[in-house]
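What's in work27.cif: mmCIF, C-alpha atoms
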```
data_my_file
#
loop_
_atom_site.label_atom_id
_atom_site.label_comp_id
_atom_site.auth_asym_id
_atom_site.auth_seq_id
_atom_site.Cartn_x
_atom_site.Cartn_y
_atom_site.Cartn_z
CA MET A 1 160.40 85.82 30.16
CA GLU A 2 160.31 88.27 27.28
CA PHE A 3 161.14 91.18 29.51
CA TYR A 4 164.49 89.61 30.32
CA PRO A 5 165.78 88.37 26.98
CA GLU A 6 169.15 86.80 26.39
CA VAL A 7 172.07 89.07 26.88
CA VAL A 8 173.89 89.53 23.58
CA ALA A 9 176.97 91.45 24.68
CA PHE A 10 178.93 92.41 27.77
CA ALA A 11 177.23 89.69 29.83
CA GLY A 12 177.66 89.95 33.55
CA THR A 13 178.70 93.62 33.48
CA PRO A 14 176.50 96.70 34.00
CA PHE A 15 176.94 97.25 30.24
CA ALA A 16 175.09 94.06 29.37
CA LEU A 17 173.05 94.50 26.19
CA ASN A 18 169.91 92.52 25.52
CA ARG A 19 167.14 92.94 22.96
CA ILE A 20 165.31 95.63 24.93
CA MET A 21 168.47 97.62 25.57
CA LEU A 22 169.22 97.44 21.84
CA ILE A 23 165.70 98.64 21.07
CA ARG A 24 166.31 101.60 23.38
CA LEU A 25 169.51 102.46 21.56
CA VAL A 26 167.72 102.24 18.20
CA VAL A 27 164.96 104.53 19.49
CA LEU A 28 167.61 106.89 20.83
CA ALA A 29 169.26 106.99 17.42
CA LEU A 30 165.93 107.54 15.64
CA LEU A 31 164.91 110.34 18.03
CA VAL A 32 168.25 112.04 17.61
CA LEU A 33 168.03 111.67 13.85
CA VAL A 34 164.49 113.05 13.52
CA PHE A 35 165.06 115.95 15.89
CA ALA A 36 168.44 116.72 14.36
CA LEU A 37 166.71 117.03 10.98
CA TRP A 38 164.09 119.33 12.49
CA THR A 39 166.78 121.35 14.23
CA ALA A 40 168.62 121.69 10.94
CA LYS A 41 165.42 123.06 9.44
CA PHE A 42 165.07 125.54 12.31
CA GLN A 43 168.67 126.66 11.91
CA LYS A 44 168.24 127.05 8.18
CA ALA A 45 165.06 129.07 8.69
CA THR A 46 166.85 131.35 11.15
CA LYS A 47 169.83 131.76 8.84
CA THR A 48 167.86 132.53 5.70
CA GLN A 49 165.26 134.58 7.60
CA ASN A 50 162.59 132.44 6.03
CA PHE A 51 159.61 132.72 8.31
CA VAL A 52 157.24 130.44 6.43
CA PRO A 53 157.77 126.88 7.68
CA GLY A 54 157.61 123.98 5.24
CA LYS A 55 155.55 120.86 5.87
CA PHE A 56 158.38 118.95 7.54
CA GLN A 57 159.39 121.88 9.72
CA LEU A 58 155.77 122.45 10.66
CA MET A 59 155.48 118.83 11.85
CA GLY A 60 158.45 119.41 14.14
CA GLU A 61 156.98 122.66 15.41
CA ILE A 62 153.63 121.03 16.12
CA SER A 63 155.32 118.18 18.01
CA LEU A 64 157.51 120.46 20.09
CA ASN A 65 154.75 122.98 20.61
CA PHE A 66 152.49 120.25 21.95
CA VAL A 67 154.75 119.90 24.98
CA ARG A 68 155.66 123.58 25.07
CA LYS A 69 152.20 125.11 24.77
CA SER A 70 149.67 122.45 25.80
CA ILE A 71 151.66 121.14 28.76
CA ALA A 72 154.39 123.51 29.93
CA HIS A 73 152.87 126.94 29.25
CA ASP A 74 149.39 125.87 30.28
CA GLN A 75 150.52 124.60 33.69
CA LEU A 76 153.55 126.71 34.51
CA GLY A 77 153.13 129.90 32.49
CA GLU A 78 155.56 131.01 29.82
CA LYS A 79 158.54 131.85 32.01
CA ASP A 80 158.64 128.77 34.24
CA GLY A 81 157.36 126.63 31.39
CA ASP A 82 160.38 127.51 29.30
CA ARG A 83 162.66 126.96 32.30
CA PHE A 84 161.63 123.33 32.71
CA LEU A 85 160.92 122.68 29.06
CA PRO A 86 164.07 120.61 28.34
CA LEU A 87 163.14 118.02 30.98
CA LEU A 88 159.48 117.93 29.95
CA THR A 89 160.27 117.65 26.26
CA THR A 90 162.78 114.88 26.88
CA ILE A 91 160.41 112.93 29.11
CA PHE A 92 157.60 113.22 26.58
CA PHE A 93 159.51 112.15 23.50
CA VAL A 94 161.53 109.45 25.24
CA THR A 95 158.38 107.94 26.69
CA LEU A 96 156.47 108.22 23.42
CA GLY A 97 159.33 106.80 21.35
CA MET A 98 159.97 103.93 23.76
CA ASN A 99 156.27 103.12 24.19
CA ILE A 100 155.53 102.98 20.50
CA THR A 101 158.07 100.22 19.87
CA GLY A 102 155.61 97.91 21.63
CA ILE A 103 153.49 97.76 18.47
CA ILE A 104 156.14 98.18 15.80
CA PRO A 105 156.69 94.87 14.00
CA GLY A 106 160.23 93.63 14.57
CA PHE A 107 160.57 95.43 17.87
CA ASN A 108 157.32 94.23 19.44
CA ILE A 109 158.22 95.31 22.93
CA ALA A 110 158.19 98.72 24.54
CA GLY A 111 161.50 100.17 25.68
CA THR A 112 159.66 101.32 28.80
CA SER A 113 158.36 97.87 29.69
CA VAL A 114 161.33 97.13 31.93
CA ILE A 115 161.37 99.43 34.89
CA GLY A 116 164.82 100.98 34.55
CA LEU A 117 163.87 103.77 32.18
CA PRO A 118 160.66 104.74 34.01
CA ILE A 119 162.67 104.84 37.24
CA VAL A 120 165.31 107.08 35.69
CA MET A 121 162.66 109.47 34.40
CA ALA A 122 160.70 109.40 37.66
CA VAL A 123 163.90 110.22 39.57
CA ALA A 124 164.58 113.07 37.17
CA ALA A 125 161.05 114.40 37.72
CA TYR A 126 161.41 113.93 41.49
CA VAL A 127 164.74 115.76 41.68
CA THR A 128 163.40 118.52 39.45
CA PHE A 129 160.26 119.28 41.41
CA ILE A 130 162.15 119.26 44.71
CA TYR A 131 164.79 121.52 43.15
CA ALA A 132 162.05 123.84 41.87
CA GLY A 133 160.47 124.01 45.33
CA ILE A 134 163.74 124.67 47.19
CA LYS A 135 164.86 127.25 44.62
CA LYS A 136 161.60 129.12 45.01
CA HIS A 137 160.83 128.73 48.73
CA GLY A 138 164.06 127.47 50.34
CA GLY A 139 163.57 125.22 53.39
CA HIS A 140 160.05 126.56 53.70
CA PHE A 141 159.21 124.25 50.80
CA PHE A 142 159.49 121.18 53.03
CA THR A 143 157.74 122.68 56.05
CA SER A 144 154.79 123.93 54.01
CA ALA A 145 154.62 120.60 52.18
CA LEU A 146 154.65 118.55 55.36
CA PHE A 147 152.74 120.89 57.66
CA PRO A 148 149.94 122.33 55.53
CA ALA A 149 148.69 125.73 56.63
CA GLY A 150 145.28 125.83 58.28
CA VAL A 151 145.41 122.28 59.66
CA PRO A 152 144.85 122.09 63.45
CA LYS A 153 148.01 121.04 65.28
CA ALA A 154 146.47 117.85 66.64
CA PHE A 155 145.77 116.58 63.15
CA LEU A 156 149.35 117.08 62.07
CA ILE A 157 150.20 113.71 63.65
CA LEU A 158 147.96 112.21 61.03
CA VAL A 159 148.43 114.64 58.17
CA THR A 160 152.19 114.97 58.13
CA PRO A 161 152.98 111.27 57.53
CA ILE A 162 150.30 111.16 54.84
CA GLU A 163 151.69 114.25 53.15
CA PHE A 164 155.21 112.90 53.38
CA LEU A 165 154.17 109.59 51.90
CA SER A 166 152.12 111.06 49.06
CA THR A 167 154.48 113.86 48.11
CA PHE A 168 157.93 112.42 48.56
CA ILE A 169 157.42 108.69 48.12
CA LEU A 170 154.29 107.87 46.19
CA ARG A 171 154.74 110.50 43.49
CA PRO A 172 157.89 109.06 41.89
CA VAL A 173 156.84 105.48 42.59
CA THR A 174 153.49 105.90 40.91
CA LEU A 175 155.07 107.71 37.98
CA ALA A 176 157.42 104.81 37.30
CA LEU A 177 154.97 102.02 38.08
CA ARG A 178 152.08 103.43 36.07
CA LEU A 179 154.18 103.60 32.94
CA THR A 180 155.89 100.22 33.35
CA MET A 181 152.72 98.34 34.24
CA ASN A 182 150.80 99.85 31.34
CA MET A 183 153.49 98.72 28.95
CA ILE A 184 153.83 95.26 30.49
CA ALA A 185 150.06 94.75 30.47
CA GLY A 186 149.82 95.96 26.89
CA HIS A 187 152.56 93.61 25.81
CA LEU A 188 150.99 90.65 27.61
CA LEU A 189 147.62 91.38 25.98
CA LEU A 190 149.13 91.49 22.52
CA VAL A 191 151.18 88.34 23.14
CA LEU A 192 148.09 86.56 24.43
CA CYS A 193 145.95 87.54 21.44
CA PHE A 194 148.50 86.76 18.79
CA SER A 195 149.79 83.50 20.32
CA ALA A 196 146.18 82.38 20.66
CA THR A 197 145.67 83.22 17.00
CA GLN A 198 148.75 81.23 16.11
CA PHE A 199 147.56 78.29 18.21
CA PHE A 200 144.00 78.25 16.85
CA LEU A 201 145.04 78.61 13.23
CA PHE A 202 147.83 76.08 13.11
CA ASN A 203 147.43 73.67 16.05
CA ALA A 204 143.65 73.46 16.60
CA ASP A 205 141.32 71.19 14.64
CA GLY A 206 138.28 72.01 12.50
CA ALA A 207 135.88 74.63 13.80
CA PHE A 208 138.34 75.80 16.43
CA LYS A 209 140.31 77.43 13.66
CA LEU A 210 137.50 80.05 13.51
CA PHE A 211 138.46 81.21 16.98
CA GLY A 212 141.70 82.34 15.41
CA ALA A 213 139.84 85.05 13.47
CA GLY A 214 138.28 86.30 16.69
CA THR A 215 141.54 86.42 18.61
CA PHE A 216 143.22 88.10 15.64
CA ALA A 217 140.52 90.80 15.60
CA PHE A 218 141.13 91.34 19.30
CA GLY A 219 144.85 91.53 18.72
CA PHE A 220 144.28 94.12 16.00
CA ALA A 221 142.00 96.17 18.25
CA PHE A 222 144.51 96.03 21.10
CA THR A 223 147.28 97.11 18.76
CA LEU A 224 145.28 100.27 17.98
CA PHE A 225 144.54 100.61 21.68
CA GLU A 226 148.24 100.32 22.50
CA MET A 227 148.92 103.13 20.06
CA LEU A 228 146.59 105.29 22.11
CA VAL A 229 148.08 104.07 25.38
CA ALA A 230 151.61 104.82 24.16
CA PHE A 231 150.68 108.42 23.49
CA LEU A 232 148.49 108.75 26.55
CA GLN A 233 151.12 107.40 28.96
CA ALA A 234 153.72 109.78 27.54
CA TYR A 235 151.25 112.62 27.97
CA VAL A 236 150.30 111.56 31.51
CA PHE A 237 153.92 111.15 32.63
CA THR A 238 154.85 114.57 31.28
CA LEU A 239 151.72 116.27 32.56
CA LEU A 240 152.13 114.83 36.07
CA THR A 241 155.77 115.94 36.16
CA THR A 242 154.61 119.41 35.16
CA VAL A 243 151.88 119.43 37.77
CA TYR A 244 154.35 118.37 40.49
CA ILE A 245 156.68 121.20 39.47
CA GLN A 246 153.75 123.60 39.42
CA LEU A 247 152.65 122.51 42.90
CA ALA A 248 156.20 122.96 44.18
CA LEU A 249 156.35 126.44 42.67
CA SER A 250 152.95 127.59 43.87
CA ASP A 251 152.88 129.65 47.02
CA GLU A 252 150.69 127.25 48.97
CA HIS A 253 151.07 123.53 48.59
CA MET B 1 156.12 81.22 26.17
CA ILE B 2 153.49 79.95 28.57
CA SER B 3 155.05 76.53 28.57
CA ARG B 4 158.41 78.10 29.23
CA ILE B 5 157.02 80.00 32.19
CA LEU B 6 155.37 76.86 33.47
CA ALA B 7 158.59 74.96 32.96
CA SER B 8 160.67 77.53 34.76
CA ALA B 9 158.10 77.70 37.54
CA ALA B 10 158.17 73.95 37.81
CA GLU B 11 161.91 73.98 38.05
CA GLY B 12 161.57 76.48 40.89
CA GLU B 13 163.57 79.03 38.96
CA ALA B 14 162.73 82.42 40.46
CA ALA B 15 161.40 84.77 37.78
CA PRO B 16 163.01 88.20 38.15
CA ASN B 17 160.91 90.75 40.00
CA PRO B 18 159.68 93.27 37.37
CA LEU B 19 159.75 96.03 39.98
CA LEU B 20 163.46 95.77 40.65
CA PRO B 21 165.72 97.13 37.94
CA SER B 22 168.92 95.33 37.03
CA SER B 23 172.08 97.39 36.89
CA TYR B 24 172.42 97.22 33.09
CA ASP B 25 168.78 98.33 32.76
CA LEU B 26 169.40 101.44 34.87
CA LEU B 27 172.67 102.15 33.09
CA TRP B 28 171.30 102.06 29.55
CA SER B 29 168.19 103.95 30.63
CA SER B 30 170.35 106.70 32.09
CA VAL B 31 172.52 106.79 28.97
CA VAL B 32 169.51 107.17 26.71
CA PHE B 33 167.84 109.71 28.95
CA VAL B 34 170.90 111.85 29.57
CA ILE B 35 171.88 111.95 25.90
CA LEU B 36 168.39 112.98 24.86
CA LEU B 37 168.07 115.49 27.70
CA ALA B 38 171.31 117.17 26.67
CA PHE B 39 170.32 117.00 23.02
CA PHE B 40 166.96 118.66 23.62
CA TRP B 41 168.34 121.13 26.14
CA PHE B 42 171.29 122.46 24.22
CA LYS B 43 170.49 121.73 20.62
CA VAL B 44 166.85 121.29 19.70
CA LEU B 45 165.00 123.67 22.01
CA PRO B 46 167.27 126.73 21.67
CA ASN B 47 167.03 126.53 17.91
CA PHE B 48 163.31 125.93 18.09
CA LYS B 49 162.84 128.93 20.38
CA LYS B 50 165.00 131.10 18.16
CA THR B 51 162.95 130.18 15.12
CA LEU B 52 159.71 131.00 16.90
CA ASP B 53 161.07 134.25 18.32
CA ASP B 54 162.38 135.32 14.94
CA ARG B 55 159.05 134.55 13.38
CA THR B 56 157.17 136.50 16.03
CA GLN B 57 159.54 139.39 15.55
CA ALA B 58 159.21 139.24 11.78
CA ILE B 59 155.43 139.18 11.95
CA GLU B 60 155.40 142.07 14.41
CA GLY B 61 157.90 143.96 12.29
CA ARG B 62 155.85 143.44 9.18
CA LEU B 63 152.68 144.52 10.88
CA GLU B 64 154.46 147.61 12.12
CA ALA B 65 155.80 148.34 8.65
CA ALA B 66 152.35 147.91 7.16
CA GLU B 67 150.89 150.26 9.74
CA LYS B 68 153.61 152.77 9.02
CA ALA B 69 153.00 152.55 5.29
CA GLN B 70 149.30 153.02 5.86
CA ALA B 71 149.90 156.07 8.04
CA GLU B 72 152.25 157.46 5.42
CA ALA B 73 149.70 156.93 2.69
CA ALA B 74 147.04 158.61 4.82
CA ALA B 75 149.35 161.55 5.48
CA LYS B 76 150.10 161.81 1.77
CA THR B 77 146.42 161.77 0.93
CA ALA B 78 145.77 164.47 3.51
CA ASN B 79 148.65 166.49 2.10
CA ILE B 80 147.31 166.20 -1.41
CA GLU B 81 143.86 167.16 -0.27
CA ALA B 82 145.22 170.16 1.59
CA GLU B 83 147.20 171.15 -1.48
CA GLN B 84 144.15 170.80 -3.63
CA ALA B 85 142.14 172.92 -1.24
CA ALA B 86 144.90 175.53 -1.19
CA ALA B 87 145.08 175.51 -4.98
CA ARG B 88 141.33 175.88 -5.21
CA ALA B 89 141.38 178.75 -2.73
CA GLU B 90 144.19 180.38 -4.66
CA ALA B 91 142.30 180.03 -7.92
CA ALA B 92 139.22 181.56 -6.35
CA GLU B 93 141.32 184.42 -5.01
CA ILE B 94 142.89 185.01 -8.40
CA ARG B 95 139.47 184.97 -10.02
CA GLU B 96 138.17 187.39 -7.45
CA ALA B 97 141.16 189.70 -7.92
CA ALA B 98 140.74 189.53 -11.69
CA ARG B 99 137.08 190.41 -11.39
CA ALA B 100 137.87 193.35 -9.12
CA GLU B 101 140.63 194.51 -11.46
CA GLY B 102 138.25 194.15 -14.39
CA ALA B 103 135.73 196.28 -12.60
CA VAL B 104 138.37 198.91 -11.89
CA ILE B 105 139.52 198.89 -15.51
CA LEU B 106 135.94 199.13 -16.68
CA ALA B 107 135.29 202.08 -14.41
CA GLU B 108 138.47 203.74 -15.60
CA LEU B 109 137.52 203.20 -19.20
CA LYS B 110 134.07 204.58 -18.55
CA GLU B 111 135.56 207.62 -16.91
CA GLN B 112 138.00 208.08 -19.77
CA ALA B 113 135.19 207.72 -22.25
CA SER B 114 133.03 210.24 -20.49
CA ALA B 115 135.98 212.62 -20.20
CA GLU B 116 136.66 212.18 -23.89
CA ALA B 117 133.01 212.78 -24.62
CA ALA B 118 133.03 215.93 -22.50
CA ARG B 119 136.18 217.13 -24.25
CA LEU B 120 134.65 216.47 -27.64
CA THR B 121 131.47 218.28 -26.64
CA ALA B 122 133.47 221.26 -25.39
CA THR B 123 135.54 221.39 -28.58
CA ALA B 124 132.41 221.19 -30.69
CA LYS B 125 130.79 223.93 -28.67
CA ALA B 126 133.83 226.20 -29.04
CA GLN B 127 133.95 225.55 -32.74
CA ILE B 128 130.29 226.26 -33.08
CA GLU B 129 130.74 229.47 -31.12
CA ALA B 130 133.66 230.53 -33.29
CA GLU B 131 131.73 229.74 -36.40
CA ARG B 132 128.77 231.61 -35.05
CA GLN B 133 131.00 234.63 -34.34
CA ALA B 134 132.49 234.46 -37.80
CA ALA B 135 129.04 234.16 -39.33
CA LEU B 136 127.86 237.04 -37.23
CA ILE B 137 130.72 239.25 -38.34
CA SER B 138 130.37 238.38 -42.00
CA LEU B 139 126.61 238.74 -41.67
CA ARG B 140 127.00 242.11 -40.05
CA ALA B 141 129.24 243.30 -42.87
CA GLU B 142 126.96 241.93 -45.46
CA VAL B 143 123.81 243.22 -43.83
CA GLY B 144 125.46 246.66 -43.58
CA THR B 145 126.33 246.71 -47.22
CA LEU B 146 122.92 245.48 -48.18
CA ALA B 147 121.25 247.99 -45.96
CA ILE B 148 123.36 250.82 -47.36
CA ASP B 149 122.63 249.66 -50.87
CA LEU B 150 118.98 249.54 -50.04
CA ALA B 151 118.96 252.92 -48.37
CA SER B 152 120.98 254.44 -51.21
CA SER B 153 118.58 253.24 -53.66
CA VAL B 154 115.71 254.51 -51.49
CA VAL B 155 117.18 257.84 -50.44
CA GLY B 156 119.25 258.49 -53.56
CA ALA B 157 122.54 260.26 -53.75
CA SER B 158 122.10 262.15 -50.51
CA LEU B 159 123.57 259.39 -48.68
CA GLN B 160 126.67 259.22 -50.79
CA ASN B 161 128.77 260.47 -47.96
CA ASP B 162 130.38 257.45 -46.37
CA LYS B 163 130.84 259.06 -43.07
CA ILE B 164 127.17 259.67 -42.56
CA ALA B 165 126.26 256.27 -44.00
CA SER B 166 128.47 254.28 -41.66
CA SER B 167 127.22 256.20 -38.61
CA VAL B 168 123.64 255.50 -39.67
CA VAL B 169 124.39 251.82 -40.04
CA ASP B 170 126.12 251.59 -36.68
CA GLN B 171 123.19 253.37 -35.10
CA PHE B 172 120.86 250.90 -36.65
CA LEU B 173 122.82 247.93 -35.59
CA ALA B 174 123.10 249.20 -32.04
CA ASP B 175 119.36 249.57 -31.97
CA LEU B 176 119.04 246.11 -33.38
CA GLU B 177 121.33 244.65 -30.75
CA SER B 178 119.57 246.39 -27.92
CA ALA B 179 116.31 245.12 -29.27
CA GLY B 180 117.81 241.63 -29.42
CA LYS B 181 118.97 241.96 -25.82
CA LYS B 182 115.51 243.06 -24.70
CA ASN B 183 114.11 240.02 -26.29
#
```

Represent the structure of the file as structure tokens.
Amino acid sequence: MEFYPEVVAFAGTPFALNRIMLIRLVVLALLVLVFALWTAKFQKATKTQNFVPGKFQLMGEISLNFVRKSIAHDQLGEKDGDRFLPLLTTIFFVTLGMNITGIIPGFNIAGTSVIGLPIVMAVAAYVTFIYAGIKKHGGHFFTSALFPAGVPKAFLILVTPIEFLSTFILRPVTLALRLTMNMIAGHLLLVLCFSATQFFLFNADGAFKLFGAGTFAFGFAFTLFEMLVAFLQAYVFTLLTTVYIQLALSDEH
Amino acid sequence: MISRILASAAEGEAAPNPLLPSSYDLLWSSVVFVILLAFFWFKVLPNFKKTLDDRTQAIEGRLEAAEKAQAEAAAKTANIEAEQAAARAEAAEIREAARAEGAVILAELKEQASAEAARLTATAKAQIEAERQAALISLRAEVGTLAIDLASSVVGASLQNDKIASSVVDQFLADLESAGKKN
């Protein structure tokens, strides 16, 4: 299957590199490059005390401010938002960068479409919101999460397992699965549309060739749709991580 | 691809479970994630924050400076207005003082003039009196002589004696004066 391409280097070791791993490394390099350029602009602006950003710098500010203002500050407030901003920013731009390779010609597969990366990010989110809760409330974080205030004692037999399942198991699992499955489904849709186009145009006879135009139009539409999904999934992953942290920080869970 | 899947399925080759990560997958994911996390944490975001903070500070500083400048300008305007008012008041005072002084000078001059006039009048009166006295004396002498001449010619030589003549004249004049006084 396309999600498990041939290993090109270090076969049989944990360092095995295949096409998708290489795509991830390329995205990593591109992200570092773009943000290093933006950072250089920021440093230059600070050094020269130039407070009017240029177009390129403004693009960087808008991108970073999207996570900072629209996600972190909105959910967590300025102080806690800035505290957890590194994780949130990383999650957002990694997810966005890895998702978008699904529709970039030459790459054609999302770096997040194999589950490793979503799992790593979900674990990071999981560890972070538990850390936030313990830091703020100590052991009380777990008791108030598992034994919600105001619930009659008899119901706790029912409520506590549900709370445990939803808070400590389903949250990271759904984070990772939602992202991976969206990317896998998107990839399968595009593959289906474009291989059908290929088949109808070159292998089918006569009037069937017209179907090729239809499947190509669908493929085009789904490519645009995948663009939206790539952004949306990055936003959802980041927003949910923020919400989990916010819930852990709030006084009542 | 489909044929490949079908082929592999037919061969009974188990397709890998997409929910279970392979070790290399997790490793490279962690590498990518950790590098980017560190990059954002220690490089990108601090610089970004510093830029924003500096900008906020600069904007606030400039606003403050503008406010200060405005306040200064307002103070200067008020100062100038106060100075103008003071100058105007001073001018009015000076004018008033000048007017008062003028009035005093005028009064003085008037007084001097009237004093001068009085002095002139007095001098003229004295002169007139002196002249009148002189005229009276010369008139008296002349009238005496004339009267003697007249009497001599009327009475003849009998009145040649000067002693008698002068007593007669004096008598006459005394009578004349007393008559004048009665009048």

Taking only C-alpha atoms into account, which residues of chain B are within 9 Å of chain A, as a PDB file with C-alpha atoms, keeping the file's coordinate frame?
```pdb
ATOM      1  CA  MET B   1     156.120  81.220  26.170  1.00  0.00           C
ATOM      2  CA  ARG B   4     158.410  78.100  29.230  1.00  0.00           C
ATOM      3  CA  ILE B   5     157.020  80.000  32.190  1.00  0.00           C
ATOM      4  CA  ALA B  15     161.400  84.770  37.780  1.00  0.00           C
ATOM      5  CA  PRO B  16     163.010  88.200  38.150  1.00  0.00           C
ATOM      6  CA  PRO B  18     159.680  93.270  37.370  1.00  0.00           C
ATOM      7  CA  LEU B  19     159.750  96.030  39.980  1.00  0.00           C
ATOM      8  CA  LEU B  20     163.460  95.770  40.650  1.00  0.00           C
ATOM      9  CA  PRO B  21     165.720  97.130  37.940  1.00  0.00           C
ATOM     10  CA  SER B  22     168.920  95.330  37.030  1.00  0.00           C
ATOM     11  CA  SER B  23     172.080  97.390  36.890  1.00  0.00           C
ATOM     12  CA  TYR B  24     172.420  97.220  33.090  1.00  0.00           C
ATOM     13  CA  ASP B  25     168.780  98.330  32.760  1.00  0.00           C
ATOM     14  CA  LEU B  26     169.400 101.440  34.870  1.00  0.00           C
ATOM     15  CA  LEU B  27     172.670 102.150  33.090  1.00  0.00           C
ATOM     16  CA  TRP B  28     171.300 102.060  29.550  1.00  0.00           C
ATOM     17  CA  SER B  29     168.190 103.950  30.630  1.00  0.00           C
ATOM     18  CA  SER B  30     170.350 106.700  32.090  1.00  0.00           C
ATOM     19  CA  VAL B  32     169.510 107.170  26.710  1.00  0.00           C
ATOM     20  CA  PHE B  33     167.840 109.710  28.950  1.00  0.00           C
ATOM     21  CA  ILE B  35     171.880 111.950  25.900  1.00  0.00           C
ATOM     22  CA  LEU B  36     168.390 112.980  24.860  1.00  0.00           C
ATOM     23  CA  LEU B  37     168.070 115.490  27.700  1.00  0.00           C
ATOM     24  CA  ALA B  38     171.310 117.170  26.670  1.00  0.00           C
ATOM     25  CA  PHE B  39     170.320 117.000  23.020  1.00  0.00           C
ATOM     26  CA  PHE B  40     166.960 118.660  23.620  1.00  0.00           C
ATOM     27  CA  TRP B  41     168.340 121.130  26.140  1.00  0.00           C
ATOM     28  CA  PHE B  42     171.290 122.460  24.220  1.00  0.00           C
ATOM     29  CA  LYS B  43     170.490 121.730  20.620  1.00  0.00           C
ATOM     30  CA  VAL B  44     166.850 121.290  19.700  1.00  0.00           C
ATOM     31  CA  LEU B  45     165.000 123.670  22.010  1.00  0.00           C
ATOM     32  CA  ASN B  47     167.030 126.530  17.910  1.00  0.00           C
ATOM     33  CA  PHE B  48     163.310 125.930  18.090  1.00  0.00           C
ATOM     34  CA  LYS B  50     165.000 131.100  18.160  1.00  0.00           C
ATOM     35  CA  THR B  51     162.950 130.180  15.120  1.00  0.00           C
ATOM     36  CA  LEU B  52     159.710 131.000  16.900  1.00  0.00           C
ATOM     37  CA  ASP B  54     162.380 135.320  14.940  1.00  0.00           C
ATOM     38  CA  ARG B  55     159.050 134.550  13.380  1.00  0.00           C
ATOM     39  CA  THR B  56     157.170 136.500  16.030  1.00  0.00           C
ATOM     40  CA  ALA B  58     159.210 139.240  11.780  1.00  0.00           C
ATOM     41  CA  ILE B  59     155.430 139.180  11.950  1.00  0.00           C
TER      42      ILE B  59
END
```

Query raised in the report: Out of A:Gly102, A:Gly77, A:Gly214, A:Gly133, which residue has the shortest atom-to-atom distance to A:Val229 when counting all atoms listed in the file?
Result: A:Gly102

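Here atom CA of A:Ala230 stands at a distance of 5.7 Å from atom CA of A:Ile100.
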
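Going from atom CA of A:Met227 over to atom CA of A:Leu96, you cover 9.7 Å.
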
Query raised in the report: So how far away is atom CA of A:Thr167 from atom CA of A:Thr241, in Å?
Result: 12.2 Å

Requested in this report: Return as a PyMOL selection string the set of residues that the PyMOL selection byres ((chain A and resi 130) around 10) yields on the displayed structure.
Outcome: chain A and resi 125-129+131-136+141-142+167-168+244-245+248-249

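When all atoms listed in the file are used to compute distances to A:Gly212, the closest of the residues A:Phe231, A:Phe92, A:Phe56, A:Phe199 turns out to be A:Phe199.
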
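These residues, each with an atom at most 8 Å from (173.8, 90.2, 21.2) using all atoms listed in the file, are Glu6, Val7, Val8, Ala9, Leu17, Asn18 and Arg19 of chain A.
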
Put a box with edges along x, y and z around all the listed atoms of stretch 48-63 of chain A, pad it by 4 Å on each side, then give me its centre and sizes in Å, one decimal, as AutoDock Vina command-line options.
```
--center_x 160.7 --center_y 126.4 --center_z 11.6 --size_x 22.2 --size_y 24.4 --size_z 20.8
```

Query raised in the report: Which one is closest to B:Val169: B:Ala92, B:Ala87, B:Ala147, B:Val104? Count only C-alpha atoms.
Result: B:Ala147
